[in-house]
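Peer 1: mmCIF, C-alpha atoms, pLDDT in the B column; chains and numbers go by the auth columns, file query-v4.cif:
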data_input
loop_
_atom_site.group_PDB
_atom_site.id
_atom_site.type_symbol
_atom_site.label_atom_id
_atom_site.label_comp_id
_atom_site.label_asym_id
_atom_site.label_seq_id
_atom_site.Cartn_x
_atom_site.Cartn_y
_atom_site.Cartn_z
_atom_site.B_iso_or_equiv
_atom_site.auth_seq_id
_atom_site.auth_asym_id
ATOM 1 C CA MET A 1 -0.711 -1.483 -8.805 55.00 1 A
ATOM 2 C CA ILE A 2 -4.321 -0.521 -8.132 58.00 2 A
ATOM 3 C CA LEU A 3 -4.719 0.854 -11.634 61.00 3 A
ATOM 4 C CA VAL A 4 -3.428 -2.426 -13.058 63.00 4 A
ATOM 5 C CA ALA A 5 -5.825 -4.423 -10.877 61.00 5 A
ATOM 6 C CA VAL A 6 -8.899 -2.527 -12.042 65.00 6 A
ATOM 7 C CA SER A 7 -7.978 -2.085 -15.677 72.00 7 A
ATOM 8 C CA ASN A 8 -6.379 -5.363 -16.742 68.00 8 A
ATOM 9 C CA GLY A 9 -9.616 -6.808 -18.165 75.00 9 A
ATOM 10 C CA THR A 10 -9.944 -9.627 -15.637 73.00 10 A
ATOM 11 C CA ALA A 11 -12.251 -10.202 -12.673 71.00 11 A
ATOM 12 C CA ARG A 12 -9.234 -10.528 -10.386 66.00 12 A
ATOM 13 C CA LEU A 13 -9.389 -7.971 -7.569 64.00 13 A
ATOM 14 C CA ARG A 14 -6.079 -8.682 -5.873 65.00 14 A
ATOM 15 C CA CYS A 15 -2.489 -8.396 -6.990 62.00 15 A
ATOM 16 C CA VAL A 16 0.644 -9.768 -5.402 66.00 16 A
ATOM 17 C CA ALA A 17 2.512 -7.101 -3.483 70.00 17 A
ATOM 18 C CA THR A 18 6.158 -6.634 -4.337 77.00 18 A
ATOM 19 C CA GLU A 19 8.999 -6.816 -1.839 78.00 19 A
ATOM 20 C CA GLY A 20 9.357 -3.051 -2.155 75.00 20 A
ATOM 21 C CA ILE A 21 6.160 -2.412 -0.217 80.00 21 A
ATOM 22 C CA ARG A 22 6.564 -5.084 2.439 80.00 22 A
ATOM 23 C CA ALA A 23 7.540 -2.424 5.026 77.00 23 A
ATOM 24 C CA TRP A 24 4.438 -0.349 4.180 79.00 24 A
ATOM 25 C CA VAL A 25 2.185 -3.387 4.623 83.00 25 A
ATOM 26 C CA ALA A 26 3.783 -4.103 7.996 84.00 26 A
ATOM 27 C CA ALA A 27 3.416 -0.450 9.048 83.00 27 A
ATOM 28 C CA HIS A 28 -0.251 -0.526 8.095 84.00 28 A
ATOM 29 C CA ARG A 29 -0.835 -3.604 10.217 89.00 29 A
ATOM 30 C CA GLU A 30 1.205 -2.447 13.208 93.00 30 A
ATOM 31 C CA THR A 31 0.305 1.255 13.589 91.00 31 A
ATOM 32 C CA SER A 32 -2.728 3.511 13.685 93.00 32 A
ATOM 33 C CA GLU A 33 -4.248 4.711 10.438 90.00 33 A
ATOM 34 C CA GLU A 34 -3.021 8.241 11.138 91.00 34 A
ATOM 35 C CA ALA A 35 0.564 7.085 11.715 88.00 35 A
ATOM 36 C CA TYR A 36 0.481 4.943 8.590 86.00 36 A
ATOM 37 C CA ILE A 37 -0.759 7.810 6.424 87.00 37 A
ATOM 38 C CA ALA A 38 1.915 10.087 7.884 87.00 38 A
ATOM 39 C CA VAL A 39 4.604 7.544 6.937 81.00 39 A
ATOM 40 C CA MET A 40 3.221 7.200 3.406 81.00 40 A
ATOM 41 C CA ARG A 41 3.060 10.971 2.948 86.00 41 A
ATOM 42 C CA ARG A 42 6.639 11.363 4.148 84.00 42 A
ATOM 43 C CA GLU A 43 7.877 8.543 1.893 80.00 43 A
ATOM 44 C CA VAL A 44 6.353 10.064 -1.242 80.00 44 A
ATOM 45 C CA GLY A 45 7.361 13.614 -0.342 82.00 45 A
ATOM 46 C CA LEU A 46 3.977 15.015 0.657 80.00 46 A
ATOM 47 C CA GLY A 47 4.690 15.875 4.239 67.00 47 A
#
Show this structure as structure tokens.
Peer 2:
Amino acid sequence: MILVAVSNGTARLRCVATEGIRAWVAAHRETSEEAYIAVMRREVGLG
């Protein structure tokens, strides 16, 4: 998503998040940065 946002040839800096990451957005808003990163790492198999 980030790659698309910066390389699509427009000046648009934001993209609409998909339903698939709604839980990650909520976790980011509701937990500490450390807890959020731990969740992301676990979800993608890095920890």
Peer 1: Tell me, in Å to one decimal, how far CA of Glu19 in chain A is from CA of Glu34 in chain A.
Peer 2: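 According to the coordinates, CA of Glu19 in chain A and CA of Glu34 in chain A are separated by 23.2 Å.
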Peer 1: Which distance in Å separates CA of Tyr36 in chain A and CA of Ala11 in chain A, to one decimal?
Peer 2: 29.0 Å
Peer 1: Which residue is closest to Glu43 in chain A? Choose from A:Thr31, A:Ala17, A:Gly9, A:Trp24 and count only C-alpha atoms.
Peer 2: A:Trp24
Peer 1: Have a look at CA of Ala26 in chain A and CA of Thr10 in chain A and let me know their distance in Å, one decimal.
Peer 2: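 If I compute the distance from CA of Ala26 in chain A to CA of Thr10 in chain A, I get 27.9 Å.
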Peer 1: Give me, as a PyMOL selection string, all polymer residues having an atom no more than 12 Å from Met40 in chain A, counting all atoms listed in the file and skipping those fewer than 2 positions away in the same chain.
Peer 2: chain A and resi 21+23-25+27-28+33-38+42-47
Peer 1: With all heavy atoms as the goal, would you fill in the gaps in range 36-47 of chain A and present it as an mmCIF file, keeping the file's coordinate frame?
Peer 2:
data_model
loop_
_atom_site.group_PDB
_atom_site.id
_atom_site.type_symbol
_atom_site.label_atom_id
_atom_site.label_comp_id
_atom_site.auth_asym_id
_atom_site.auth_seq_id
_atom_site.Cartn_x
_atom_site.Cartn_y
_atom_site.Cartn_z
ATOM 1 N N TYR A 36 0.190 5.565 9.884
ATOM 2 C CA TYR A 36 0.481 4.943 8.590
ATOM 3 C C TYR A 36 0.414 5.972 7.458
ATOM 4 O O TYR A 36 1.302 6.045 6.613
ATOM 5 C CB TYR A 36 -0.499 3.798 8.341
ATOM 6 C CG TYR A 36 -0.403 3.201 6.970
ATOM 7 C CD1 TYR A 36 0.744 2.523 6.578
ATOM 8 C CD2 TYR A 36 -1.442 3.306 6.063
ATOM 9 C CE1 TYR A 36 0.845 1.964 5.310
ATOM 10 C CE2 TYR A 36 -1.360 2.745 4.808
ATOM 11 C CZ TYR A 36 -0.215 2.086 4.437
ATOM 12 O OH TYR A 36 -0.118 1.534 3.192
ATOM 13 N N ILE A 37 -0.618 6.789 7.468
ATOM 14 C CA ILE A 37 -0.759 7.810 6.424
ATOM 15 C C ILE A 37 0.384 8.816 6.506
ATOM 16 O O ILE A 37 0.919 9.247 5.485
ATOM 17 C CB ILE A 37 -2.134 8.491 6.513
ATOM 18 C CG1 ILE A 37 -3.213 7.488 6.085
ATOM 19 C CG2 ILE A 37 -2.196 9.756 5.664
ATOM 20 C CD1 ILE A 37 -4.635 7.939 6.311
ATOM 21 N N ALA A 38 0.789 9.172 7.715
ATOM 22 C CA ALA A 38 1.915 10.087 7.884
ATOM 23 C C ALA A 38 3.190 9.502 7.288
ATOM 24 O O ALA A 38 3.955 10.203 6.611
ATOM 25 C CB ALA A 38 2.121 10.410 9.359
ATOM 26 N N VAL A 39 3.429 8.220 7.508
ATOM 27 C CA VAL A 39 4.604 7.544 6.937
ATOM 28 C C VAL A 39 4.523 7.563 5.423
ATOM 29 O O VAL A 39 5.488 7.895 4.727
ATOM 30 C CB VAL A 39 4.729 6.097 7.470
ATOM 31 C CG1 VAL A 39 5.748 5.303 6.663
ATOM 32 C CG2 VAL A 39 5.090 6.095 8.930
ATOM 33 N N MET A 40 3.371 7.218 4.867
ATOM 34 C CA MET A 40 3.221 7.200 3.406
ATOM 35 C C MET A 40 3.452 8.587 2.809
ATOM 36 O O MET A 40 4.151 8.729 1.817
ATOM 37 C CB MET A 40 1.830 6.694 3.021
ATOM 38 C CG MET A 40 1.675 5.211 3.230
ATOM 39 S SD MET A 40 0.083 4.598 2.671
ATOM 40 C CE MET A 40 0.089 5.033 0.960
ATOM 41 N N ARG A 41 2.874 9.608 3.448
ATOM 42 C CA ARG A 41 3.060 10.971 2.948
ATOM 43 C C ARG A 41 4.518 11.379 2.964
ATOM 44 O O ARG A 41 5.034 11.977 2.019
ATOM 45 C CB ARG A 41 2.247 11.964 3.769
ATOM 46 C CG ARG A 41 0.775 11.893 3.510
ATOM 47 C CD ARG A 41 0.046 12.957 4.334
ATOM 48 N NE ARG A 41 -1.319 13.084 3.908
ATOM 49 C CZ ARG A 41 -1.721 13.845 2.880
ATOM 50 N NH1 ARG A 41 -0.847 14.526 2.196
ATOM 51 N NH2 ARG A 41 -2.982 13.891 2.554
ATOM 52 N N ARG A 42 5.220 11.050 4.034
ATOM 53 C CA ARG A 42 6.639 11.363 4.148
ATOM 54 C C ARG A 42 7.436 10.620 3.075
ATOM 55 O O ARG A 42 8.310 11.208 2.428
ATOM 56 C CB ARG A 42 7.122 10.961 5.547
ATOM 57 C CG ARG A 42 8.150 11.837 6.116
ATOM 58 C CD ARG A 42 8.507 11.591 7.570
ATOM 59 N NE ARG A 42 8.314 10.237 8.070
ATOM 60 C CZ ARG A 42 7.367 9.877 8.946
ATOM 61 N NH1 ARG A 42 6.512 10.756 9.407
ATOM 62 N NH2 ARG A 42 7.285 8.641 9.370
ATOM 63 N N GLU A 43 7.131 9.355 2.865
ATOM 64 C CA GLU A 43 7.877 8.543 1.893
ATOM 65 C C GLU A 43 7.727 9.048 0.451
ATOM 66 O O GLU A 43 8.651 8.935 -0.333
ATOM 67 C CB GLU A 43 7.428 7.076 1.962
ATOM 68 C CG GLU A 43 7.854 6.372 3.215
ATOM 69 C CD GLU A 43 9.357 6.149 3.280
ATOM 70 O OE1 GLU A 43 9.970 5.828 2.246
ATOM 71 O OE2 GLU A 43 9.912 6.317 4.370
ATOM 72 N N VAL A 44 6.558 9.585 0.130
ATOM 73 C CA VAL A 44 6.353 10.064 -1.242
ATOM 74 C C VAL A 44 6.553 11.566 -1.370
ATOM 75 O O VAL A 44 6.297 12.138 -2.422
ATOM 76 C CB VAL A 44 4.967 9.649 -1.796
ATOM 77 C CG1 VAL A 44 4.837 8.150 -1.858
ATOM 78 C CG2 VAL A 44 3.839 10.252 -1.002
ATOM 79 N N GLY A 45 7.018 12.211 -0.285
ATOM 80 C CA GLY A 45 7.361 13.614 -0.342
ATOM 81 C C GLY A 45 6.197 14.568 -0.193
ATOM 82 O O GLY A 45 6.257 15.693 -0.679
ATOM 83 N N LEU A 46 5.136 14.144 0.477
ATOM 84 C CA LEU A 46 3.977 15.015 0.657
ATOM 85 C C LEU A 46 3.855 15.568 2.068
ATOM 86 O O LEU A 46 2.868 16.177 2.404
ATOM 87 C CB LEU A 46 2.683 14.249 0.320
ATOM 88 C CG LEU A 46 2.528 13.818 -1.118
ATOM 89 C CD1 LEU A 46 1.267 12.994 -1.275
ATOM 90 C CD2 LEU A 46 2.497 15.019 -2.043
ATOM 91 N N GLY A 47 4.836 15.335 2.895
ATOM 92 C CA GLY A 47 4.690 15.875 4.239
ATOM 93 C C GLY A 47 5.808 15.567 5.062
ATOM 94 O O GLY A 47 6.452 15.659 5.861
#
